[in-house]
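Asks: Pasting final.txt below, which is compact mmCIF, C-alpha atoms.
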```
# COMPACT_ATOMS: atom_id res chain seq x y z
CA MET A 496 -9.65 41.78 -18.06
CA PHE A 497 -10.76 39.05 -15.67
CA ALA A 498 -10.76 39.20 -11.92
CA ALA A 499 -9.04 36.41 -10.03
CA MET A 500 -11.26 33.39 -9.71
CA GLU A 501 -11.11 33.34 -5.93
CA SER A 502 -14.78 34.13 -5.35
CA PRO A 503 -15.65 36.94 -2.92
CA LEU A 504 -18.94 35.15 -2.19
CA PRO A 505 -19.18 32.76 0.76
CA ILE A 506 -19.38 29.09 -0.09
CA GLU A 507 -22.97 28.93 1.17
CA THR A 508 -24.01 31.49 -1.46
CA LEU A 509 -22.15 29.65 -4.22
CA LEU A 510 -23.82 26.38 -3.23
CA ALA A 511 -27.23 28.08 -3.15
CA TRP A 512 -26.74 29.38 -6.70
CA LYS A 513 -25.57 25.94 -7.80
CA GLY A 514 -28.65 24.31 -6.27
CA LEU A 515 -30.97 26.85 -7.88
CA ALA A 516 -29.42 26.42 -11.34
CA VAL A 517 -29.52 22.62 -11.18
CA GLY A 518 -33.04 22.59 -9.71
CA LEU A 519 -34.43 24.78 -12.49
CA TRP A 520 -32.57 22.75 -15.12
CA ILE A 521 -33.91 19.37 -13.98
CA ALA A 522 -37.43 20.79 -13.68
CA LEU A 523 -37.17 22.04 -17.26
CA PHE A 524 -36.14 18.61 -18.55
CA LEU A 525 -38.67 16.71 -16.45
CA ALA A 526 -41.38 18.83 -18.06
CA GLY A 527 -39.82 18.74 -21.54
CA GLU A 528 -39.47 14.97 -21.70
CA ARG A 529 -43.10 14.54 -20.68
CA LEU A 530 -44.22 16.85 -23.48
CA LEU A 531 -41.76 15.58 -26.12
CA PRO A 532 -40.62 12.06 -25.15
CA ALA A 533 -38.10 10.28 -27.35
CA ALA A 534 -39.08 6.77 -26.20
CA ASP A 535 -42.21 5.30 -24.66
CA ARG A 536 -41.89 4.35 -21.01
CA PRO A 537 -42.04 0.62 -20.32
CA ALA A 538 -44.54 -0.48 -17.70
CA GLU A 539 -41.83 -0.90 -15.03
CA ALA A 540 -40.74 2.74 -15.46
CA ARG A 541 -44.20 4.12 -14.81
CA GLY A 542 -45.70 5.03 -11.48
CA LEU A 543 -44.13 5.72 -8.10
CA PRO A 544 -41.78 2.75 -7.38
CA ARG A 545 -39.04 3.75 -9.83
CA LEU A 546 -39.44 7.44 -9.04
CA ALA A 547 -39.19 6.67 -5.33
CA ARG A 548 -35.98 4.63 -5.84
CA ASN A 549 -34.29 7.35 -7.85
CA ALA A 550 -35.53 10.14 -5.61
CA GLY A 551 -34.47 8.22 -2.51
CA LEU A 552 -30.91 7.77 -3.79
CA TRP A 553 -30.77 11.45 -4.76
CA LEU A 554 -32.10 12.63 -1.37
CA LEU A 555 -29.59 10.45 0.47
CA ASN A 556 -26.75 11.96 -1.55
CA ALA A 557 -28.18 15.47 -1.11
CA GLY A 558 -27.98 14.90 2.63
CA LEU A 559 -24.40 13.64 2.34
CA SER A 560 -23.28 16.66 0.36
CA PRO A 561 -23.04 19.19 3.23
CA LEU A 562 -21.77 16.51 5.61
CA VAL A 563 -19.08 14.90 3.44
CA VAL A 564 -18.73 16.13 -0.13
CA VAL A 565 -18.53 19.88 0.48
CA PRO A 566 -16.24 19.66 3.57
CA VAL A 567 -13.87 17.29 1.74
CA SER A 568 -13.66 19.59 -1.30
CA LEU A 569 -13.25 22.66 0.90
CA TRP A 570 -10.50 21.00 2.94
CA ALA A 571 -8.71 19.92 -0.23
CA SER A 572 -8.85 23.46 -1.66
CA GLN A 573 -7.20 24.73 1.54
CA HIS A 574 -4.41 22.12 1.40
CA THR A 575 -3.27 22.26 -2.22
CA LEU A 576 0.36 22.03 -3.27
CA GLY A 577 0.22 25.78 -3.85
CA TRP A 578 2.17 25.75 -7.12
CA ARG A 579 -0.30 27.78 -9.22
CA PRO A 580 1.13 31.20 -10.13
CA ASP A 581 -1.04 34.31 -10.43
CA ALA A 582 -0.72 34.06 -14.22
CA LEU A 583 -2.83 30.89 -14.04
CA ARG A 584 -5.77 32.68 -12.47
CA GLY A 585 -8.65 34.54 -14.07
CA GLY A 586 -11.48 33.74 -16.46
CA TRP A 587 -9.36 31.89 -19.01
CA ALA A 588 -7.90 29.75 -16.23
CA LEU A 589 -11.45 28.78 -15.22
CA LEU A 590 -11.98 27.45 -18.75
CA ALA A 591 -8.70 25.54 -18.51
CA ASP A 592 -9.77 24.06 -15.16
CA ILE A 593 -13.10 22.92 -16.62
CA LEU A 594 -11.33 21.32 -19.59
CA LEU A 595 -8.88 19.53 -17.26
CA LEU A 596 -11.62 18.34 -14.90
CA ASP A 597 -13.75 17.09 -17.80
CA PHE A 598 -10.74 15.17 -19.12
CA LEU A 599 -10.13 13.65 -15.69
CA ILE A 600 -13.77 12.75 -15.07
CA TYR A 601 -13.71 10.82 -18.35
CA TRP A 602 -10.96 8.61 -16.89
CA TRP A 603 -12.69 8.38 -13.52
CA HIS A 604 -15.88 7.19 -15.23
CA ARG A 605 -13.89 4.71 -17.27
CA ALA A 606 -12.19 3.44 -14.11
CA ASN A 607 -15.64 2.91 -12.56
CA HIS A 608 -16.32 0.41 -15.34
CA GLU A 609 -12.93 -1.29 -15.36
CA LEU A 610 -12.05 -1.61 -11.66
CA PRO A 611 -14.22 -4.19 -9.84
CA LEU A 612 -14.41 -2.27 -6.54
CA LEU A 613 -15.61 0.91 -8.23
CA TRP A 614 -17.98 -1.02 -10.50
CA ARG A 615 -19.76 -2.52 -7.49
CA PHE A 616 -21.03 0.97 -6.64
CA HIS A 617 -21.41 2.34 -10.16
CA ALA A 618 -23.55 -0.63 -11.24
CA VAL A 619 -26.40 0.79 -9.12
CA HIS A 620 -26.62 3.68 -11.59
CA HIS A 621 -26.78 1.28 -14.55
CA LEU A 622 -29.49 -0.93 -13.05
CA ASP A 623 -32.08 1.72 -13.91
CA ARG A 624 -34.32 0.16 -16.57
CA PHE A 625 -35.20 3.42 -18.29
CA LEU A 626 -33.45 6.72 -18.92
CA ASP A 627 -34.85 10.09 -18.02
CA ALA A 628 -33.74 13.17 -16.10
CA THR A 629 -34.06 11.34 -12.76
CA SER A 630 -31.42 8.81 -13.88
CA ALA A 631 -28.87 11.63 -13.79
CA VAL A 632 -29.07 11.89 -9.99
CA ARG A 633 -29.37 8.16 -9.25
CA PHE A 634 -26.07 7.07 -7.68
CA HIS A 635 -25.08 4.93 -4.73
CA PHE A 636 -23.83 6.97 -1.79
CA GLY A 637 -20.61 4.92 -1.82
CA GLU A 638 -19.83 6.11 -5.32
CA VAL A 639 -20.50 9.69 -4.25
CA VAL A 640 -18.07 9.39 -1.34
CA LEU A 641 -15.38 7.71 -3.46
CA SER A 642 -15.82 10.40 -6.13
CA ALA A 643 -15.44 13.12 -3.49
CA LEU A 644 -12.16 11.58 -2.30
CA ALA A 645 -10.84 11.26 -5.86
CA ARG A 646 -11.86 14.85 -6.57
CA ALA A 647 -10.09 16.03 -3.41
CA ALA A 648 -6.86 14.44 -4.61
CA ILE A 649 -7.20 16.20 -7.97
CA ILE A 650 -7.91 19.55 -6.30
CA MET A 651 -4.79 19.22 -4.16
CA LEU A 652 -2.54 17.92 -6.93
CA PHE A 653 -3.52 20.51 -9.56
CA ASP A 654 -4.13 23.40 -7.13
CA ILE A 655 -7.66 23.94 -8.45
CA PRO A 656 -9.63 26.81 -6.85
CA LEU A 657 -12.87 25.84 -5.16
CA VAL A 658 -14.89 28.16 -7.41
CA SER A 659 -13.65 26.22 -10.46
CA VAL A 660 -14.75 22.97 -8.82
CA LEU A 661 -18.22 24.33 -8.04
CA VAL A 662 -18.69 25.72 -11.55
CA PHE A 663 -17.57 22.41 -13.03
CA GLU A 664 -19.85 20.37 -10.74
CA THR A 665 -22.78 22.55 -11.82
CA LEU A 666 -21.94 21.98 -15.49
CA VAL A 667 -21.54 18.23 -14.90
CA LEU A 668 -24.96 17.96 -13.29
CA MET A 669 -26.59 19.99 -16.05
CA ALA A 670 -24.83 17.96 -18.76
CA SER A 671 -25.81 14.71 -17.04
CA ILE A 672 -29.46 15.74 -16.77
CA PHE A 673 -29.41 16.61 -20.48
CA HIS A 674 -27.80 13.44 -21.79
CA HIS A 675 -29.82 11.12 -19.53
CA SER A 676 -33.07 12.81 -20.48
CA ASN A 677 -35.81 11.26 -22.59
CA LEU A 678 -36.28 14.51 -24.48
CA ARG A 679 -36.89 14.19 -28.22
CA LEU A 680 -34.55 16.46 -30.15
CA PRO A 681 -34.64 17.22 -33.88
CA GLU A 682 -32.23 14.81 -35.57
CA ARG A 683 -30.14 17.52 -37.22
CA LEU A 684 -29.82 19.45 -33.96
CA GLU A 685 -28.75 16.36 -32.03
CA LYS A 686 -26.14 15.43 -34.64
CA ALA A 687 -24.73 18.96 -34.54
CA LEU A 688 -24.61 19.00 -30.73
CA ALA A 689 -23.02 15.52 -30.62
CA ARG A 690 -19.93 16.87 -32.35
CA ILE A 691 -19.28 19.01 -29.27
CA VAL A 692 -21.14 17.67 -26.24
CA VAL A 693 -22.58 14.37 -25.04
CA THR A 694 -26.20 14.05 -26.17
CA PRO A 695 -29.00 11.62 -25.26
CA SER A 696 -28.35 9.52 -28.37
CA ILE A 697 -24.69 9.07 -27.34
CA HIS A 698 -25.40 8.24 -23.72
CA TRP A 699 -28.33 5.97 -24.51
CA LEU A 700 -25.82 3.46 -25.93
CA HIS A 701 -23.82 3.65 -22.70
CA HIS A 702 -26.90 2.37 -20.86
CA HIS A 703 -27.72 -0.36 -23.37
CA ALA A 704 -28.00 -3.71 -21.56
CA VAL A 705 -25.15 -5.20 -23.61
CA ARG A 706 -21.80 -5.04 -21.87
CA ARG A 707 -19.77 -4.03 -24.92
CA ASP A 708 -22.01 -0.97 -25.28
CA THR A 709 -22.11 -0.26 -21.54
CA ASP A 710 -18.30 -0.11 -21.64
CA SER A 711 -18.22 2.76 -24.15
CA ASN A 712 -19.13 6.45 -24.42
CA TYR A 713 -17.68 7.51 -21.06
CA ALA A 714 -17.51 11.27 -21.68
CA THR A 715 -19.56 13.63 -19.53
CA ILE A 716 -19.54 17.13 -21.05
CA LEU A 717 -17.36 17.19 -24.17
CA SER A 718 -17.81 14.28 -26.55
CA LEU A 719 -14.27 14.52 -27.94
CA TRP A 720 -12.69 12.39 -25.19
CA ASP A 721 -14.28 9.16 -26.44
CA ARG A 722 -13.08 9.91 -29.97
CA LEU A 723 -9.57 10.68 -28.76
CA PHE A 724 -9.22 7.58 -26.58
CA GLY A 725 -11.00 4.99 -28.70
CA SER A 726 -14.11 4.47 -26.58
CA ARG A 727 -16.67 6.07 -28.89
CA ASN A 728 -19.46 3.68 -29.86
CA ARG A 729 -20.36 4.10 -33.53
CA GLU A 730 -23.65 2.23 -33.28
CA GLN A 731 -26.82 4.21 -33.80
CA ARG A 732 -29.31 4.56 -30.99
CA ARG A 733 -32.50 2.57 -31.37
CA LEU A 734 -35.35 3.48 -29.09
CA ASP A 735 -36.22 -0.18 -28.59
CA MET A 736 -32.79 -0.95 -27.08
CA GLU A 737 -33.05 -2.59 -23.68
CA ILE A 738 -31.77 -0.31 -20.92
CA GLY A 739 -30.06 -1.71 -17.83
CA LEU A 740 -27.34 -4.28 -17.19
CA GLU A 741 -26.64 -7.40 -19.19
CA GLY A 742 -27.80 -10.44 -17.23
CA GLU A 743 -29.92 -8.38 -14.81
CA ALA A 744 -33.62 -8.84 -15.47
CA ARG A 745 -34.88 -6.14 -13.12
CA ASP A 746 -33.98 -3.18 -10.97
CA GLY A 747 -33.74 -3.63 -7.21
CA GLY A 748 -35.72 -2.09 -4.39
CA PHE A 749 -34.28 0.88 -2.53
CA ALA A 750 -32.84 -1.16 0.36
CA ALA A 751 -31.48 -3.80 -2.03
CA LEU A 752 -29.73 -1.12 -4.09
CA LEU A 753 -28.06 0.30 -0.99
CA ALA A 754 -26.89 -3.15 0.09
CA ARG A 755 -25.85 -4.41 -3.35
CA PRO A 756 -22.19 -3.21 -3.41
CA PHE A 757 -21.52 -4.85 -0.05
CA ARG A 758 -22.86 -8.26 -0.98
CA LYS A 759 -20.61 -11.06 -2.09
CA SER A 760 -20.59 -11.40 -5.87
```
How does the structure come out when it is put into structure tokens?

Replies:
Amino acid sequence: MFAAMESPLPIETLLAWKGLAVGLWIALFLAGERLLPAADRPAEARGLPRLARNAGLWLLNAGLSPLVVVPVSLWASQHTLGWRPDALRGGWALLADILLLDFLIYWWHRANHELPLLWRFHAVHHLDRFLDATSAVRFHFGEVVLSALARAAIIMLFDIPLVSVLVFETLVLMASIFHHSNLRLPERLEKALARIVVTPSIHWLHHHAVRRDTDSNYATILSLWDRLFGSRNREQRRLDMEIGLEGEARDGGFAALLARPFRKS
């Protein structure tokens, strides 16, 4: 019924399709949240400075992708433990891979909040003082590199085909753009979606500048992981909640954000 999930397409073509899908998706949400915003932008989130910071971090990581992220993932896919039988290949196995990777990224995200070394890099993402689609691609390059290494270990350990990884990464980016967006959704629709996937109202709490809320709602695609592992925040989103980090009054400049993880606490 399903062909084996070893893609006949070259990796360059797969990456091009991934880039096209994510590019169209973020453009859609950037337009949508301008037309139907959920929350008003504070003064510090308007204009070019914030956009330049977020775009600069994204462009830096986009440049790292073909130099580090893709080669590391490709190498890992070529050096797996090789235990996966043919019966664990095909379309249904792709779904199983996505479910496994979403489960594991929940724990990776949680580790980024609980382990001081990882938090040094992840905090750059949380310093953003407003949430919109650009927040979804705002990460320190150190976190991107560490994530690539962790993902490589998972690929090798679980013998995950590269095509499954690329499909999952595309879904993660699209899910992240959605739940970071400032798009106003009908309340009934958002509540229905929240039973299955992470929505803006769920992730908004994760970016609340109160540490007990920041350390909750870790899921990326499926919302069930937080319910299963006791990290779901039952508070209701309020649009006047302060976004950012507790104890941090402002975001940093681009150079300061790059240097932040390497400074003494």

Asks: Might you pull out every residue within 10 Å of A:His703, with all atoms listed in the file counted and same-chain residues fewer than 2 positions away left off, and present them as JSON, numbers by chain?

Replies: {"A": [621, 624, 625, 698, 699, 700, 701, 705, 706, 707, 708, 709, 710, 732, 733, 735, 736, 737, 738, 739, 740, 741]}

Asks: Taking all atoms listed in the file into account, which of A:His674, A:Arg758, A:Arg605, A:Arg529 comes nearest A:Asp721?

Replies: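 Nearest to A:Asp721: A:Arg605.
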
Asks: Just give me the gap between atom CA of A:Ile672 and atom CA of A:Val619 in Å, one decimal is fine.

Replies: 17.1 Å

Asks: Just to confirm, what's the straight-line distance from atom CA of A:Asn549 to atom CA of A:His608 in Å (one decimal)?

Replies: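 Between these atoms lies a distance of 20.7 Å.
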
Asks: List as a JSON list (two decimals) with C-alpha atoms, keeping the file's coordinate frame the protein and nucleic acid residues near A:Val565, meaning an atom at most 10 Å away when all atoms listed in the file are counted, but skip any in the same chain fewer than 2 places from it.

Replies:
```
[["chain", "number", "residue", "atom", "x", "y", "z"],
["A", 506, "ILE", "CA", -19.38, 29.09, -0.09],
["A", 510, "LEU", "CA", -23.82, 26.38, -3.23],
["A", 559, "LEU", "CA", -24.40, 13.64, 2.34],
["A", 560, "SER", "CA", -23.28, 16.66, 0.36],
["A", 561, "PRO", "CA", -23.04, 19.19, 3.23],
["A", 562, "LEU", "CA", -21.77, 16.51, 5.61],
["A", 563, "VAL", "CA", -19.08, 14.90, 3.44],
["A", 567, "VAL", "CA", -13.87, 17.29, 1.74],
["A", 568, "SER", "CA", -13.66, 19.59, -1.30],
["A", 569, "LEU", "CA", -13.25, 22.66, 0.90],
["A", 570, "TRP", "CA", -10.50, 21.00, 2.94],
["A", 571, "ALA", "CA", -8.71, 19.92, -0.23],
["A", 643, "ALA", "CA", -15.44, 13.12, -3.49],
["A", 657, "LEU", "CA", -12.87, 25.84, -5.16],
["A", 661, "LEU", "CA", -18.22, 24.33, -8.04]]
```

Asks: If I take atom CA of A:Val564 and atom CA of A:Trp578, how far is one from the other in Å, to one decimal?

Replies: 24.0 Å

Asks: Between A:Leu734, A:Ile697, A:Leu543, A:Ala645, which residue has the minimum interatomic distance to A:His675, considering only C-alpha atoms?

Replies: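 For A:His675, the nearest of the given residues is A:Ile697.
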
Asks: Might you pull out every residue within 12 Å of stretch 517-526 of chain A, with all atoms listed in the file counted and same-chain residues fewer than 6 positions away left off, and present them as number ranges by chain?

Replies: A: 510-511, 532, 546, 626-632, 661-662, 664-680

Asks: Ranking A:Leu641, A:Asn607, A:Ile600, A:Lys759 by minimum distance to A:Thr715 and counting only C-alpha atoms, which one comes first?

Replies: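 Checking each candidate against A:Thr715, we get A:Ile600 as the closest.
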
Asks: Can you tell me which residues surround stretch 550-552 of chain A at a distance of at most 7 Å, considering all atoms listed in the file, apart from same-chain residues fewer than 5 positions away, and format the answer as number ranges by chain?

Replies: A: 633-635

Asks: Would you save the residues of that selection, restricted to C-alpha atoms, as a compact mmCIF listing (two decimals), in the frame of the given file?

Replies:
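Contents of the output file result-v3.txt:
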```txt
# COMPACT_ATOMS: atom_id res chain seq x y z
CA ARG A 633 -29.37 8.16 -9.25
CA PHE A 634 -26.07 7.07 -7.68
CA HIS A 635 -25.08 4.93 -4.73
```

Asks: Using only C-alpha atoms, pick whichever of A:Arg646, A:Val692, A:Ser711, A:Gly747 has the shortest atom-to-atom distance to A:Glu730.

Replies: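 Using only C-alpha atoms, the shortest distance to A:Glu730 belongs to A:Ser711.
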
Asks: I'd like the neighbourhood of A:Pro681 as a list in words, where a residue qualifies if any of its atoms comes within 12 Å (using only C-alpha atoms), though same-chain residues fewer than 3 positions away should be ignored.

Replies: Leu531, Pro532, Ala533, Leu678, Leu684, Glu685, Lys686, Ala687, Leu688, Thr694, Pro695 and Ser696 of chain A

Asks: Rank A:Ser726, A:Thr508, A:Ser718, A:Ser659 by their smallest atom-to-atom distance to A:Asp592, using only C-alpha atoms, and report the top residue only.

Replies: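 Of all the options, A:Ser659 lies closest to A:Asp592.
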
Asks: From the list A:Val658, A:Leu723, A:Ala606, A:Ala751, which residue is nearest A:Lys513 when using all atoms listed in the file?

Replies: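 Distance minimum relative to A:Lys513 lands on A:Val658.
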
Asks: First collect every listed atom of stretch 689-707 of chain A; then fit an axis-aligned box around them, widen it by 5 Å on each side, and give centre and edge lengths in Å to one decimal, as JSON.

Replies:
```
{"center_x": -24.1, "center_y": 6.9, "center_z": -26.6, "size_x": 19.7, "size_y": 34.2, "size_z": 21.5}
```

Asks: Since the input lacks atoms, please generate all heavy atoms for stretch 533-544 of chain A and provide them as a PDB file, in the coordinates of the input.

Replies:
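The file below, part-v3.pdb, is the result:
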```pdb
ATOM      1  N   ALA A 533     -38.760  10.981 -26.242  1.00  0.00           N
ATOM      2  CA  ALA A 533     -38.100  10.280 -27.350  1.00  0.00           C
ATOM      3  C   ALA A 533     -38.554   8.830 -27.412  1.00  0.00           C
ATOM      4  O   ALA A 533     -38.755   8.284 -28.492  1.00  0.00           O
ATOM      5  CB  ALA A 533     -36.586  10.346 -27.170  1.00  0.00           C
ATOM      6  N   ALA A 534     -38.701   8.187 -26.257  1.00  0.00           N
ATOM      7  CA  ALA A 534     -39.080   6.770 -26.200  1.00  0.00           C
ATOM      8  C   ALA A 534     -40.262   6.602 -25.259  1.00  0.00           C
ATOM      9  O   ALA A 534     -40.418   7.362 -24.296  1.00  0.00           O
ATOM     10  CB  ALA A 534     -37.907   5.923 -25.716  1.00  0.00           C
ATOM     11  N   ASP A 535     -41.096   5.617 -25.544  1.00  0.00           N
ATOM     12  CA  ASP A 535     -42.210   5.300 -24.660  1.00  0.00           C
ATOM     13  C   ASP A 535     -41.677   4.637 -23.392  1.00  0.00           C
ATOM     14  O   ASP A 535     -40.741   3.839 -23.435  1.00  0.00           O
ATOM     15  CB  ASP A 535     -43.185   4.354 -25.350  1.00  0.00           C
ATOM     16  CG  ASP A 535     -43.884   5.009 -26.530  1.00  0.00           C
ATOM     17  OD1 ASP A 535     -44.048   6.242 -26.497  1.00  0.00           O
ATOM     18  OD2 ASP A 535     -44.242   4.288 -27.480  1.00  0.00           O
ATOM     19  N   ARG A 536     -42.282   4.965 -22.280  1.00  0.00           N
ATOM     20  CA  ARG A 536     -41.890   4.350 -21.010  1.00  0.00           C
ATOM     21  C   ARG A 536     -42.409   2.921 -20.924  1.00  0.00           C
ATOM     22  O   ARG A 536     -43.594   2.695 -21.135  1.00  0.00           O
ATOM     23  CB  ARG A 536     -42.439   5.147 -19.824  1.00  0.00           C
ATOM     24  CG  ARG A 536     -41.790   6.485 -19.617  1.00  0.00           C
ATOM     25  CD  ARG A 536     -42.455   7.255 -18.495  1.00  0.00           C
ATOM     26  NE  ARG A 536     -41.779   8.525 -18.338  1.00  0.00           N
ATOM     27  CZ  ARG A 536     -40.743   8.733 -17.536  1.00  0.00           C
ATOM     28  NH1 ARG A 536     -40.292   7.732 -16.796  1.00  0.00           N
ATOM     29  NH2 ARG A 536     -40.169   9.915 -17.451  1.00  0.00           N
ATOM     30  N   PRO A 537     -41.525   1.969 -20.586  1.00  0.00           N
ATOM     31  CA  PRO A 537     -42.040   0.620 -20.320  1.00  0.00           C
ATOM     32  C   PRO A 537     -42.853   0.620 -19.042  1.00  0.00           C
ATOM     33  O   PRO A 537     -42.762   1.547 -18.223  1.00  0.00           O
ATOM     34  CB  PRO A 537     -40.756  -0.210 -20.175  1.00  0.00           C
ATOM     35  CG  PRO A 537     -39.711   0.775 -19.751  1.00  0.00           C
ATOM     36  CD  PRO A 537     -40.072   2.068 -20.412  1.00  0.00           C
ATOM     37  N   ALA A 538     -43.647  -0.418 -18.851  1.00  0.00           N
ATOM     38  CA  ALA A 538     -44.540  -0.480 -17.700  1.00  0.00           C
ATOM     39  C   ALA A 538     -43.781  -0.335 -16.377  1.00  0.00           C
ATOM     40  O   ALA A 538     -44.244   0.336 -15.448  1.00  0.00           O
ATOM     41  CB  ALA A 538     -45.322  -1.794 -17.718  1.00  0.00           C
ATOM     42  N   GLU A 539     -42.577  -0.935 -16.299  1.00  0.00           N
ATOM     43  CA  GLU A 539     -41.830  -0.900 -15.030  1.00  0.00           C
ATOM     44  C   GLU A 539     -41.252   0.476 -14.713  1.00  0.00           C
ATOM     45  O   GLU A 539     -40.805   0.724 -13.586  1.00  0.00           O
ATOM     46  CB  GLU A 539     -40.695  -1.931 -15.070  1.00  0.00           C
ATOM     47  CG  GLU A 539     -39.676  -1.680 -16.162  1.00  0.00           C
ATOM     48  CD  GLU A 539     -38.722  -2.845 -16.329  1.00  0.00           C
ATOM     49  OE1 GLU A 539     -38.014  -3.164 -15.373  1.00  0.00           O
ATOM     50  OE2 GLU A 539     -38.703  -3.435 -17.414  1.00  0.00           O
ATOM     51  N   ALA A 540     -41.263   1.389 -15.690  1.00  0.00           N
ATOM     52  CA  ALA A 540     -40.740   2.740 -15.460  1.00  0.00           C
ATOM     53  C   ALA A 540     -41.843   3.738 -15.155  1.00  0.00           C
ATOM     54  O   ALA A 540     -41.575   4.918 -14.982  1.00  0.00           O
ATOM     55  CB  ALA A 540     -39.945   3.208 -16.675  1.00  0.00           C
ATOM     56  N   ARG A 541     -43.073   3.251 -15.101  1.00  0.00           N
ATOM     57  CA  ARG A 541     -44.200   4.120 -14.810  1.00  0.00           C
ATOM     58  C   ARG A 541     -44.566   4.038 -13.332  1.00  0.00           C
ATOM     59  O   ARG A 541     -44.276   3.069 -12.658  1.00  0.00           O
ATOM     60  CB  ARG A 541     -45.416   3.731 -15.665  1.00  0.00           C
ATOM     61  CG  ARG A 541     -45.164   3.841 -17.156  1.00  0.00           C
ATOM     62  CD  ARG A 541     -46.315   3.232 -17.944  1.00  0.00           C
ATOM     63  NE  ARG A 541     -45.971   3.116 -19.362  1.00  0.00           N
ATOM     64  CZ  ARG A 541     -46.630   2.365 -20.226  1.00  0.00           C
ATOM     65  NH1 ARG A 541     -47.674   1.645 -19.823  1.00  0.00           N
ATOM     66  NH2 ARG A 541     -46.248   2.303 -21.491  1.00  0.00           N
ATOM     67  N   GLY A 542     -45.214   5.062 -12.848  1.00  0.00           N
ATOM     68  CA  GLY A 542     -45.700   5.030 -11.480  1.00  0.00           C
ATOM     69  C   GLY A 542     -44.630   5.428 -10.461  1.00  0.00           C
ATOM     70  O   GLY A 542     -43.520   5.858 -10.799  1.00  0.00           O
ATOM     71  N   LEU A 543     -44.953   5.219  -9.196  1.00  0.00           N
ATOM     72  CA  LEU A 543     -44.130   5.720  -8.100  1.00  0.00           C
ATOM     73  C   LEU A 543     -42.915   4.864  -7.734  1.00  0.00           C
ATOM     74  O   LEU A 543     -41.914   5.428  -7.256  1.00  0.00           O
ATOM     75  CB  LEU A 543     -44.992   5.911  -6.853  1.00  0.00           C
ATOM     76  CG  LEU A 543     -45.990   7.074  -6.902  1.00  0.00           C
ATOM     77  CD1 LEU A 543     -46.818   7.103  -5.628  1.00  0.00           C
ATOM     78  CD2 LEU A 543     -45.241   8.400  -7.087  1.00  0.00           C
ATOM     79  N   PRO A 544     -42.922   3.531  -7.877  1.00  0.00           N
ATOM     80  CA  PRO A 544     -41.780   2.750  -7.380  1.00  0.00           C
ATOM     81  C   PRO A 544     -40.439   3.185  -7.929  1.00  0.00           C
ATOM     82  O   PRO A 544     -39.489   3.373  -7.168  1.00  0.00           O
ATOM     83  CB  PRO A 544     -42.138   1.315  -7.784  1.00  0.00           C
ATOM     84  CG  PRO A 544     -43.618   1.303  -7.813  1.00  0.00           C
ATOM     85  CD  PRO A 544     -44.018   2.651  -8.327  1.00  0.00           C
TER      86      PRO A 544
END
```
